[in-house]
$ cat run38.cif   # mmCIF, C-alpha atoms; chains and numbers go by the auth columns
data_work
loop_
_atom_site.group_PDB
_atom_site.id
_atom_site.type_symbol
_atom_site.label_atom_id
_atom_site.label_comp_id
_atom_site.label_asym_id
_atom_site.label_seq_id
_atom_site.Cartn_x
_atom_site.Cartn_y
_atom_site.Cartn_z
_atom_site.B_iso_or_equiv
_atom_site.auth_seq_id
_atom_site.auth_asym_id
ATOM 1 C CA MET A 1 6.501 -37.191 -20.469 0.00 292 I
ATOM 2 C CA LYS A 2 6.705 -34.346 -17.976 0.00 293 I
ATOM 3 C CA ARG A 3 5.153 -31.043 -18.885 0.00 294 I
ATOM 4 C CA ASN A 4 7.703 -28.920 -17.044 0.00 295 I
ATOM 5 C CA GLN A 5 10.915 -30.728 -17.841 0.00 296 I
ATOM 6 C CA LYS A 6 13.142 -28.031 -16.399 0.00 297 I
ATOM 7 C CA GLY A 7 11.097 -27.739 -13.214 0.00 298 I
ATOM 8 C CA ALA A 8 9.646 -24.366 -14.096 0.00 299 I
ATOM 9 C CA LYS A 9 6.407 -23.738 -12.254 0.00 300 I
ATOM 10 C CA ARG A 10 3.542 -22.008 -13.929 0.00 301 I
ATOM 11 C CA ARG A 11 3.025 -18.607 -12.446 0.00 302 I
ATOM 12 C CA ARG A 12 -0.463 -17.898 -11.355 0.00 303 I
ATOM 13 C CA GLN A 13 -1.458 -14.294 -11.588 0.00 304 I
ATOM 14 C CA VAL A 14 -4.188 -13.180 -9.245 0.00 305 I
ATOM 15 C CA LEU A 15 -6.248 -10.293 -10.542 0.00 306 I
ATOM 16 C CA ARG A 16 -7.663 -7.898 -7.999 0.00 307 I
ATOM 17 C CA VAL A 17 -11.327 -7.283 -8.750 0.00 308 I
ATOM 18 C CA TRP A 18 -13.005 -4.085 -7.708 0.00 309 I
ATOM 19 C CA THR A 19 -16.492 -3.311 -6.505 0.00 310 I
ATOM 20 C CA ARG A 20 -18.306 -0.355 -8.000 0.00 311 I
ATOM 21 C CA GLU A 21 -17.912 1.620 -4.773 0.00 312 I
ATOM 22 C CA GLN A 22 -14.183 0.880 -4.556 0.00 313 I
ATOM 23 C CA ALA A 23 -13.759 2.018 -8.155 0.00 314 I
ATOM 24 C CA ARG A 24 -15.672 5.234 -7.462 0.00 315 I
ATOM 25 C CA ALA A 25 -13.616 5.925 -4.337 0.00 316 I
ATOM 26 C CA ALA A 26 -10.386 5.478 -6.309 0.00 317 I
ATOM 27 C CA LEU A 27 -11.450 7.775 -9.165 0.00 318 I
ATOM 28 C CA PRO A 28 -9.399 10.836 -8.109 0.00 319 I
ATOM 29 C CA TYR A 29 -6.219 8.750 -7.936 0.00 320 I
ATOM 30 C CA VAL A 30 -6.999 6.855 -11.138 0.00 321 I
ATOM 31 C CA SER A 31 -7.769 10.150 -12.913 0.00 322 I
ATOM 32 C CA SER A 32 -4.417 11.529 -11.847 0.00 323 I
ATOM 33 C CA ILE A 33 -2.523 8.476 -13.082 0.00 324 I
ATOM 34 C CA VAL A 34 -4.424 8.207 -16.383 0.00 325 I
ATOM 35 C CA GLY A 35 -3.961 11.948 -17.000 0.00 326 I
ATOM 36 C CA SER A 36 -0.208 11.630 -16.425 0.00 327 I
ATOM 37 C CA LEU A 37 -0.082 8.513 -18.580 0.00 328 I
ATOM 38 C CA ARG A 38 -1.791 10.367 -21.421 0.00 329 I
ATOM 39 C CA GLU A 39 0.553 13.369 -21.133 0.00 330 I
ATOM 40 C CA HIS A 40 3.670 11.167 -21.145 0.00 331 I
ATOM 41 C CA TRP A 41 2.365 9.235 -24.169 0.00 332 I
ATOM 42 C CA LEU A 42 1.605 12.436 -26.082 0.00 333 I
ATOM 43 C CA ASP A 43 5.011 13.857 -25.156 0.00 334 I
ATOM 44 C CA ALA A 44 6.752 10.726 -26.461 0.00 335 I
ATOM 45 C CA GLN A 45 4.723 10.833 -29.694 0.00 336 I
ATOM 46 C CA SER A 46 5.585 14.496 -30.202 0.00 337 I
ATOM 47 C CA HIS A 47 9.299 13.820 -29.818 0.00 338 I
ATOM 48 C CA ARG A 48 9.070 10.784 -32.131 0.00 339 I
ATOM 49 C CA ARG A 49 7.485 12.946 -34.831 0.00 340 I
ATOM 50 C CA ALA A 50 10.172 15.609 -34.417 0.00 341 I
ATOM 51 C CA LEU A 51 12.880 12.951 -34.600 0.00 342 I
ATOM 52 C CA GLY A 52 11.264 11.494 -37.729 0.00 343 I
ATOM 53 C CA ARG A 53 11.224 14.914 -39.393 0.00 344 I
ATOM 54 C CA LEU A 54 14.877 15.485 -38.537 0.00 345 I
ATOM 55 C CA SER A 55 15.886 12.030 -39.728 0.00 346 I
ATOM 56 C CA GLY A 56 13.871 12.353 -42.917 0.00 347 I
ATOM 57 C CA GLN A 57 15.571 15.504 -44.160 0.00 348 I
ATOM 58 C CA LYS A 58 17.273 15.148 -47.492 0.00 349 I
ATOM 59 C CA GLY A 59 20.984 15.419 -47.811 0.00 350 I
ATOM 60 C CA ARG A 60 23.772 14.883 -45.384 0.00 351 I
ATOM 61 C CA PRO A 61 22.940 16.192 -41.901 0.00 352 I
ATOM 62 C CA ASP A 62 25.069 19.015 -40.556 0.00 353 I
ATOM 63 C CA ARG A 63 26.348 19.330 -36.987 0.00 354 I
ATOM 64 C CA ALA A 64 23.267 21.187 -35.726 0.00 355 I
ATOM 65 C CA CYS A 65 20.966 18.565 -37.197 0.00 356 I
ATOM 66 C CA LEU A 66 22.947 15.707 -35.629 0.00 357 I
ATOM 67 C CA ILE A 67 22.809 17.423 -32.232 0.00 358 I
ATOM 68 C CA ALA A 68 19.055 18.011 -32.621 0.00 359 I
ATOM 69 C CA GLN A 69 18.540 14.349 -33.566 0.00 360 I
ATOM 70 C CA ASP A 70 20.488 13.239 -30.511 0.00 361 I
ATOM 71 C CA GLU A 71 18.476 15.534 -28.231 0.00 362 I
ATOM 72 C CA GLU A 72 15.166 14.338 -29.672 0.00 363 I
ATOM 73 C CA GLY A 73 16.252 10.716 -29.300 0.00 364 I
ATOM 74 C CA ARG A 74 17.095 11.346 -25.656 0.00 365 I
ATOM 75 C CA ALA A 75 13.745 13.102 -25.158 0.00 366 I
ATOM 76 C CA VAL A 76 11.917 10.109 -26.679 0.00 367 I
ATOM 77 C CA ARG A 77 13.701 7.702 -24.315 0.00 368 I
ATOM 78 C CA GLU A 78 12.951 9.888 -21.283 0.00 369 I
ATOM 79 C CA ALA A 79 9.271 10.276 -22.213 0.00 370 I
ATOM 80 C CA ASP A 80 8.990 6.523 -22.824 0.00 371 I
ATOM 81 C CA ALA A 81 10.553 5.835 -19.413 0.00 372 I
ATOM 82 C CA ARG A 82 8.078 8.206 -17.722 0.00 373 I
ATOM 83 C CA PHE A 83 5.216 6.562 -19.623 0.00 374 I
ATOM 84 C CA GLN A 84 6.384 3.082 -18.610 0.00 375 I
ATOM 85 C CA GLN A 85 6.782 4.093 -14.958 0.00 376 I
ATOM 86 C CA THR A 86 3.268 5.571 -14.880 0.00 377 I
ATOM 87 C CA LEU A 87 1.848 2.526 -16.679 0.00 378 I
ATOM 88 C CA GLU A 88 3.410 0.256 -14.048 0.00 379 I
ATOM 89 C CA GLU A 89 1.844 2.387 -11.312 0.00 380 I
ATOM 90 C CA LEU A 90 -1.569 1.902 -12.929 0.00 381 I
ATOM 91 C CA GLN A 91 -1.024 -1.827 -13.433 0.00 382 I
ATOM 92 C CA ALA A 92 0.014 -2.220 -9.789 0.00 383 I
ATOM 93 C CA LEU A 93 -3.634 -1.452 -9.037 0.00 384 I
ATOM 94 C CA ASP A 94 -4.693 -4.112 -11.583 0.00 385 I
ATOM 95 C CA ILE A 95 -6.069 -1.376 -13.819 0.00 386 I
ATOM 96 C CA TYR A 96 -5.095 -1.619 -17.456 0.00 387 I
ATOM 97 C CA CYS A 97 -4.673 1.069 -20.076 0.00 388 I
ATOM 98 C CA LEU A 98 -6.965 0.614 -23.053 0.00 389 I
ATOM 99 C CA ASP A 99 -5.999 3.717 -25.052 0.00 390 I
ATOM 100 C CA PRO A 100 -3.525 6.270 -23.670 0.00 391 I
ATOM 101 C CA SER A 101 -4.426 8.984 -26.182 0.00 392 I
ATOM 102 C CA ARG A 102 -8.114 8.810 -25.281 0.00 393 I
ATOM 103 C CA GLY A 103 -7.472 8.408 -21.558 0.00 394 I
ATOM 104 C CA GLN A 104 -9.278 5.060 -21.360 0.00 395 I
ATOM 105 C CA ALA A 105 -8.569 2.297 -18.870 0.00 396 I
ATOM 106 C CA LEU A 106 -10.195 -0.953 -17.754 0.00 397 I
ATOM 107 C CA ILE A 107 -10.958 -1.752 -14.107 0.00 398 I
ATOM 108 C CA PRO A 108 -11.765 -5.433 -13.438 0.00 399 I
ATOM 109 C CA PHE A 109 -14.824 -6.616 -11.523 0.00 400 I
ATOM 110 C CA VAL A 110 -16.890 -9.787 -11.322 0.00 401 I
ATOM 111 C CA ASN A 111 -20.384 -9.836 -12.773 0.00 402 I
ATOM 112 C CA GLY A 112 -22.046 -12.999 -11.554 0.00 403 I
ATOM 113 C CA ALA A 113 -19.323 -15.539 -12.231 0.00 404 I
ATOM 114 C CA GLN A 114 -17.812 -13.719 -15.215 0.00 405 I
ATOM 115 C CA LEU A 115 -14.899 -11.332 -15.437 0.00 406 I
ATOM 116 C CA ALA A 116 -16.047 -7.890 -16.538 0.00 407 I
ATOM 117 C CA TRP A 117 -14.467 -4.462 -16.813 0.00 408 I
ATOM 118 C CA PHE A 118 -15.527 -0.959 -15.870 0.00 409 I
ATOM 119 C CA VAL A 119 -14.510 1.276 -18.771 0.00 410 I
ATOM 120 C CA TYR A 120 -12.861 4.384 -17.339 0.00 411 I
ATOM 121 C CA ASP A 121 -12.923 7.439 -19.630 0.00 412 I
ATOM 122 C CA TYR A 122 -10.823 10.443 -18.605 0.00 413 I
ATOM 123 C CA PHE A 123 -12.849 12.841 -20.759 0.00 414 I
ATOM 124 C CA ASP A 124 -16.354 11.644 -19.894 0.00 415 I
ATOM 125 C CA ALA A 125 -18.499 13.586 -17.404 0.00 416 I
ATOM 126 C CA GLU A 126 -19.228 10.198 -15.796 0.00 417 I
ATOM 127 C CA PRO A 127 -15.832 8.445 -15.970 0.00 418 I
ATOM 128 C CA LEU A 128 -17.321 5.061 -15.005 0.00 419 I
ATOM 129 C CA GLY A 129 -20.359 5.326 -17.243 0.00 420 I
ATOM 130 C CA PHE A 130 -19.836 2.041 -19.107 0.00 421 I
ATOM 131 C CA TRP A 131 -18.718 -1.548 -18.634 0.00 422 I
ATOM 132 C CA ARG A 132 -18.098 -4.647 -20.741 0.00 423 I
ATOM 133 C CA PHE A 133 -17.659 -8.384 -20.268 0.00 424 I
ATOM 134 C CA HIS A 134 -14.154 -9.755 -20.779 0.00 425 I
ATOM 135 C CA SER A 135 -15.392 -11.774 -23.749 0.00 426 I
ATOM 136 C CA ASP A 136 -16.961 -8.715 -25.441 0.00 427 I
ATOM 137 C CA PRO A 137 -15.181 -6.940 -28.307 0.00 428 I
ATOM 138 C CA PHE A 138 -13.154 -3.902 -27.178 0.00 429 I
ATOM 139 C CA GLU A 139 -15.660 -1.517 -28.758 0.00 430 I
ATOM 140 C CA THR A 140 -18.546 -2.815 -26.622 0.00 431 I
ATOM 141 C CA ARG A 141 -19.874 -0.327 -24.084 0.00 432 I
ATOM 142 C CA ARG A 142 -22.785 -1.322 -21.860 0.00 433 I
ATOM 143 C CA PRO A 143 -24.448 1.387 -19.751 0.00 434 I
ATOM 144 C CA ILE A 144 -23.513 1.269 -16.076 0.00 435 I
ATOM 145 C CA ALA A 145 -27.227 1.604 -15.237 0.00 436 I
ATOM 146 C CA GLU A 146 -27.584 -2.102 -16.098 0.00 437 I
ATOM 147 C CA LEU A 147 -25.531 -3.019 -13.020 0.00 438 I
ATOM 148 C CA ARG A 148 -26.458 -3.240 -9.376 0.00 439 I
ATOM 149 C CA GLU A 149 -24.613 -4.547 -6.311 0.00 440 I
ATOM 150 C CA ASP A 150 -26.135 -7.108 -4.006 0.00 441 I
ATOM 151 C CA PRO A 151 -25.558 -6.983 -0.201 0.00 442 I
ATOM 152 C CA GLU A 152 -22.355 -9.092 -0.488 0.00 443 I
ATOM 153 C CA GLY A 153 -20.818 -6.494 -2.812 0.00 444 I
ATOM 154 C CA ASN A 154 -21.167 -8.643 -5.930 0.00 445 I
ATOM 155 C CA THR A 155 -22.063 -6.764 -9.095 0.00 446 I
ATOM 156 C CA ARG A 156 -24.830 -8.176 -11.257 0.00 447 I
ATOM 157 C CA VAL A 157 -26.748 -7.213 -14.375 0.00 448 I
ATOM 158 C CA VAL A 158 -30.258 -6.001 -13.579 0.00 449 I
#
$ encode --input "run38.cif" --output "structure tokens"
Amino acid sequence: MKRNQKGAKRRRQVLRVWTREQARAALPYVSSIVGSLREHWLDAQSHRRALGRLSGQKGRPDRACLIAQDEEGRAVREADARFQQTLEELQALDIYCLDPSRGQALIPFVNGAQLAWFVYDYFDAEPLGFWRFHSDPFETRRPIAELREDPEGNTRVV
């Protein structure tokens, strides 16, 4: 029996891996994108809360309330669209958002033969201060001091 009966090919996604120096060089751009991503996410959440308050009012809504609900709904959709557009810009770099409210993102690199991630933190004095293996739980944060690059640009644990 054929695996792909309809002729559909499996898509292979190639993940761009970064070196530590490439990640450091890209920090100003990444900071800008993550900051915008966070602002758009917070804006959308704010409008969702306002819409929830308007929708949760007791009684039959009057004309002003219906107009306000419509405006908040539109604002939610616009903020979500801006968030999605900014998220796609980040993902085009093969950088992935971990937590938009905390300004955290993951930048892939190879440690030995394993996939690992630099943990970018928008609010940290050293934005690339930590890393984790792909197989580690999300909460795991290893100090960046454990890493070093060999002459070929490969990152390894000291």
$ resolve_selection --input "run38.cif" --expression "the PyMOL selection byres ((chain I and resi 395-412) around 6)" --output "MDAnalysis selection string"
chainID I and resid 308:309 386:390 393:394 413:415 418:419 421:425 446:447
$ atom_distance --input "run38.cif" --atom1 "atom CA of I:Arg368" --atom2 "atom CA of I:His331"
11.1 Å
$ residues_around --input "run38.cif" --residues "I:Ser337" --least-positions-apart "2" --cutoff "12 Å" --atoms "all atoms listed in the file" --output "list in words"
Glu330, His331, Trp332, Leu333, Asp334, Ala335, Arg339, Arg340, Ala341, Leu342, Gly343, Arg344, Glu363, Gly364, Ala366, Val367, Ala370 and Asp371 of chain I
$ closest_residue --input "run38.cif" --among "I:Leu438, I:Arg432, I:Ser392, I:Leu381" --to "I:Ala317" --atoms "only C-alpha atoms"
I:Leu381
$ atom_distance --input "run38.cif" --atom1 "atom CA of I:Thr377" --atom2 "atom CA of I:Ile358"
28.7 Å
